[in-house]
Amino acid sequence: MQQPIAILDSGVGGLTVAKEVMRQLPRERIVYFGDTARTPYGPRPAGEVVRFTEEIVDYLVQYDPKLIVIACNTATAFALEHVKKQVKVPVVGVIHPGARAALGKTDSGVVGVIGTDGTIKSRAYETALKQLSPDVHVVSQACPAFVPLVEQGNFRSEETYAAVRSALFHLREYPFDLDCLILGCTHYPFLAETISEVMGPRVALISSAEETAREIRSVLQEQGKLAATRLMPVHQFFCSGQPVMFKFIAQQWLGEHIELTPVVWQVSHIG
Ligand code: DGL
């Protein structure tokens with residue numbers, strides 16, 4: 001069986017990246033892990049996010065992946081360098097691809113970033129954006145209410161609209177010409193319609209998924225490891241929490257039936 005690409009997130013968020021990988025690289029087999037028992041990662045201390053990410057990587061290594069994607073901005077901000085030391089295969093995060101995509105889009109040079117508390121406090125986007133373009137003006141906003149709404153499958157309700165409107169108030173009223181907004185959490189593309197309604201048509205929404213999938217392709221190409229098979233791959237999905245909602249959201253988002261295996265974390269993992 002061909003070696004898979006391993007994709008991980010705190011929950012359903014990384015499915016936004018998985019979907020783009022399936023679109024751009026349809027021959028690649030994916031093993032996906034959503035740590036729904038311990039979501040959200042955003043409010044957790046950095047050390048805990050590092051430990052959780054390393055535990056998931058340990059779990060996924062048994063499937064012999066040829067590349068690992070940390071499809072979670074919070075885990076990318078805190079654990080990317082740790083995971084690179086943990087494994088021998090290439091590891092791709094989502095923050096640099098998101099920053100590159102935004103810089104390719106902005107005309108005004110004023111870029112908004114929304115993400116979890118952890119991602120925004122880490123200033124990882126600001127650092128990545130300024131490394132690539134020192135003159136860019138970055139305005140950031142943590143939106144801790146969004147991930148729980150997405151994990152509940154609550155994408156388009158009045159409650160969601162009110163939460164998005166209130167979280168984005170400052171960015172909407174921002175006095176400079178903010179023309180693009182990085183969805184700096186892989187859960188946020190699920191709320192893209194509502195976010196776009198609130199921000200208005202002049203603000204382009206940037207998800208790192210497309211650019212991350214492009215990076216995956218170029219890393220695999222360089223290594224001569226792009227899937228050569230003609231058979232369509234059978235993906236595997238794992239989640240550590242209650243499987244019903246995960247499966248419902250995954251099938252709706254991906255538009256196909258998925259094989260889901262619930263994983264029972266030891267109590268020591270949860271505590
Ligand atoms: N989807 C994740 C991210 O991109 C994690 C969100 C969370 O668990 O708080 O940051």
# chains A, B, ... in the order shown; residues from 1 in each chain; ligands from 1
$ select_by_dssp --residues "region 150-238 of chain A" --states "helix (DSSP H, G or I)" --output "ChimeraX atom specification"
/A:150-151,158-167,169-172,188-199,209-222
$ write_last_selection --atoms "N, CA and C atoms" --output "tab-separated table (two decimals), in the first residue's frame"
chain	number	residue	atom	x	y	z
A	150	VAL	N	-17.79	25.83	15.45
A	150	VAL	CA	-17.52	24.93	14.32
A	150	VAL	C	-17.60	23.47	14.77
A	151	GLU	N	-17.02	23.16	15.91
A	151	GLU	CA	-17.04	21.77	16.38
A	151	GLU	C	-18.48	21.29	16.65
A	158	GLU	N	-28.10	32.35	13.73
A	158	GLU	CA	-28.08	33.74	14.24
A	158	GLU	C	-27.03	33.89	15.32
A	159	GLU	N	-26.87	32.83	16.12
A	159	GLU	CA	-25.86	32.85	17.19
A	159	GLU	C	-24.45	33.01	16.57
A	160	THR	N	-24.21	32.29	15.49
A	160	THR	CA	-22.90	32.37	14.83
A	160	THR	C	-22.70	33.76	14.24
A	161	TYR	N	-23.73	34.27	13.59
A	161	TYR	CA	-23.61	35.61	12.99
A	161	TYR	C	-23.28	36.64	14.07
A	162	ALA	N	-23.99	36.55	15.21
A	162	ALA	CA	-23.76	37.51	16.29
A	162	ALA	C	-22.34	37.37	16.85
A	163	ALA	N	-21.86	36.14	16.99
A	163	ALA	CA	-20.50	35.92	17.53
A	163	ALA	C	-19.45	36.47	16.57
A	164	VAL	N	-19.67	36.26	15.27
A	164	VAL	CA	-18.70	36.73	14.27
A	164	VAL	C	-18.70	38.26	14.22
A	165	ARG	N	-19.89	38.83	14.23
A	165	ARG	CA	-20.01	40.30	14.17
A	165	ARG	C	-19.32	40.94	15.37
A	166	SER	N	-19.54	40.36	16.53
A	166	SER	CA	-18.95	40.97	17.72
A	166	SER	C	-17.43	40.79	17.74
A	167	ALA	N	-16.94	39.61	17.34
A	167	ALA	CA	-15.48	39.37	17.36
A	167	ALA	C	-14.75	40.24	16.34
A	169	PHE	N	-15.66	43.22	15.17
A	169	PHE	CA	-16.05	44.62	15.23
A	169	PHE	C	-14.86	45.57	14.95
A	170	HIS	N	-13.75	45.34	15.65
A	170	HIS	CA	-12.60	46.25	15.50
A	170	HIS	C	-11.98	46.17	14.10
A	171	LEU	N	-11.95	44.98	13.56
A	171	LEU	CA	-11.37	44.84	12.21
A	171	LEU	C	-12.28	45.50	11.16
A	172	ARG	N	-13.57	45.38	11.37
A	172	ARG	CA	-14.52	46.00	10.44
A	172	ARG	C	-14.41	47.52	10.46
A	188	TYR	N	-11.75	28.13	10.64
A	188	TYR	CA	-12.52	29.30	10.23
A	188	TYR	C	-13.10	29.23	8.82
A	189	PRO	N	-12.48	28.49	7.87
A	189	PRO	CA	-13.14	28.41	6.55
A	189	PRO	C	-14.57	27.86	6.63
A	190	PHE	N	-14.89	27.10	7.68
A	190	PHE	CA	-16.27	26.64	7.85
A	190	PHE	C	-17.22	27.84	8.06
A	191	LEU	N	-16.68	28.95	8.56
A	191	LEU	CA	-17.51	30.14	8.83
A	191	LEU	C	-17.31	31.21	7.76
A	192	ALA	N	-16.67	30.84	6.65
A	192	ALA	CA	-16.25	31.84	5.67
A	192	ALA	C	-17.42	32.70	5.18
A	193	GLU	N	-18.58	32.08	4.92
A	193	GLU	CA	-19.69	32.88	4.40
A	193	GLU	C	-20.09	33.96	5.38
A	194	THR	N	-20.18	33.58	6.66
A	194	THR	CA	-20.59	34.55	7.68
A	194	THR	C	-19.50	35.61	7.86
A	195	ILE	N	-18.26	35.19	7.88
A	195	ILE	CA	-17.15	36.16	8.05
A	195	ILE	C	-17.17	37.15	6.89
A	196	SER	N	-17.39	36.64	5.69
A	196	SER	CA	-17.41	37.50	4.52
A	196	SER	C	-18.59	38.48	4.56
A	197	GLU	N	-19.73	38.00	5.01
A	197	GLU	CA	-20.90	38.87	5.15
A	197	GLU	C	-20.59	40.03	6.10
A	198	VAL	N	-19.92	39.71	7.19
A	198	VAL	CA	-19.60	40.72	8.20
A	198	VAL	C	-18.53	41.69	7.70
A	199	MET	N	-17.51	41.17	7.04
A	199	MET	CA	-16.39	42.03	6.63
A	199	MET	C	-16.68	42.81	5.34
A	209	ALA	N	-5.20	26.73	3.18
A	209	ALA	CA	-5.32	25.37	2.65
A	209	ALA	C	-4.70	25.21	1.25
A	210	GLU	N	-5.06	26.12	0.33
A	210	GLU	CA	-4.57	25.96	-1.05
A	210	GLU	C	-3.07	26.00	-1.14
A	211	GLU	N	-2.49	27.01	-0.45
A	211	GLU	CA	-1.04	27.20	-0.52
A	211	GLU	C	-0.32	26.05	0.21
A	212	THR	N	-0.94	25.55	1.27
A	212	THR	CA	-0.34	24.41	1.99
A	212	THR	C	-0.31	23.18	1.08
A	213	ALA	N	-1.39	22.96	0.35
A	213	ALA	CA	-1.42	21.80	-0.56
A	213	ALA	C	-0.37	21.95	-1.65
A	214	ARG	N	-0.17	23.19	-2.12
A	214	ARG	CA	0.87	23.42	-3.14
A	214	ARG	C	2.25	23.10	-2.56
A	215	GLU	N	2.46	23.51	-1.29
A	215	GLU	CA	3.76	23.23	-0.66
A	215	GLU	C	3.97	21.72	-0.52
A	216	ILE	N	2.91	21.01	-0.15
A	216	ILE	CA	3.00	19.55	-0.01
A	216	ILE	C	3.42	18.93	-1.35
A	217	ARG	N	2.77	19.39	-2.41
A	217	ARG	CA	3.13	18.86	-3.73
A	217	ARG	C	4.61	19.10	-4.03
A	218	SER	N	5.08	20.33	-3.76
A	218	SER	CA	6.45	20.62	-4.16
A	218	SER	C	7.45	19.84	-3.29
A	219	VAL	N	7.14	19.63	-2.01
A	219	VAL	CA	8.04	18.83	-1.16
A	219	VAL	C	8.07	17.38	-1.66
A	220	LEU	N	6.91	16.83	-1.97
A	220	LEU	CA	6.86	15.42	-2.41
A	220	LEU	C	7.53	15.25	-3.77
A	221	GLN	N	7.32	16.26	-4.62
A	221	GLN	CA	7.94	16.21	-5.95
A	221	GLN	C	9.47	16.18	-5.82
A	222	GLU	N	9.96	17.09	-4.97
A	222	GLU	CA	11.41	17.18	-4.74
A	222	GLU	C	11.98	15.85	-4.26
$ residues_near_ligand --ligand "ligand 1" --cutoff "10 Å" --atoms "only C-alpha atoms and all ligand atoms" --output "ChimeraX atom specification"
/A:8-16,34-36,38-44,49,70-77,94-95,114-120,143-148,150-151,183-189,208
$ closest_residue --among "A:Glu54, A:Lys66, A:Ile30, A:Phe155" --to "Phe237 (chain A)" --atoms "only C-alpha atoms"
A:Ile30
$ closest_residue --among "A:Ala250, A:Leu231, A:Leu226, A:Val61" --to "Gln24 (chain A)" --atoms "only C-alpha atoms"
A:Leu226
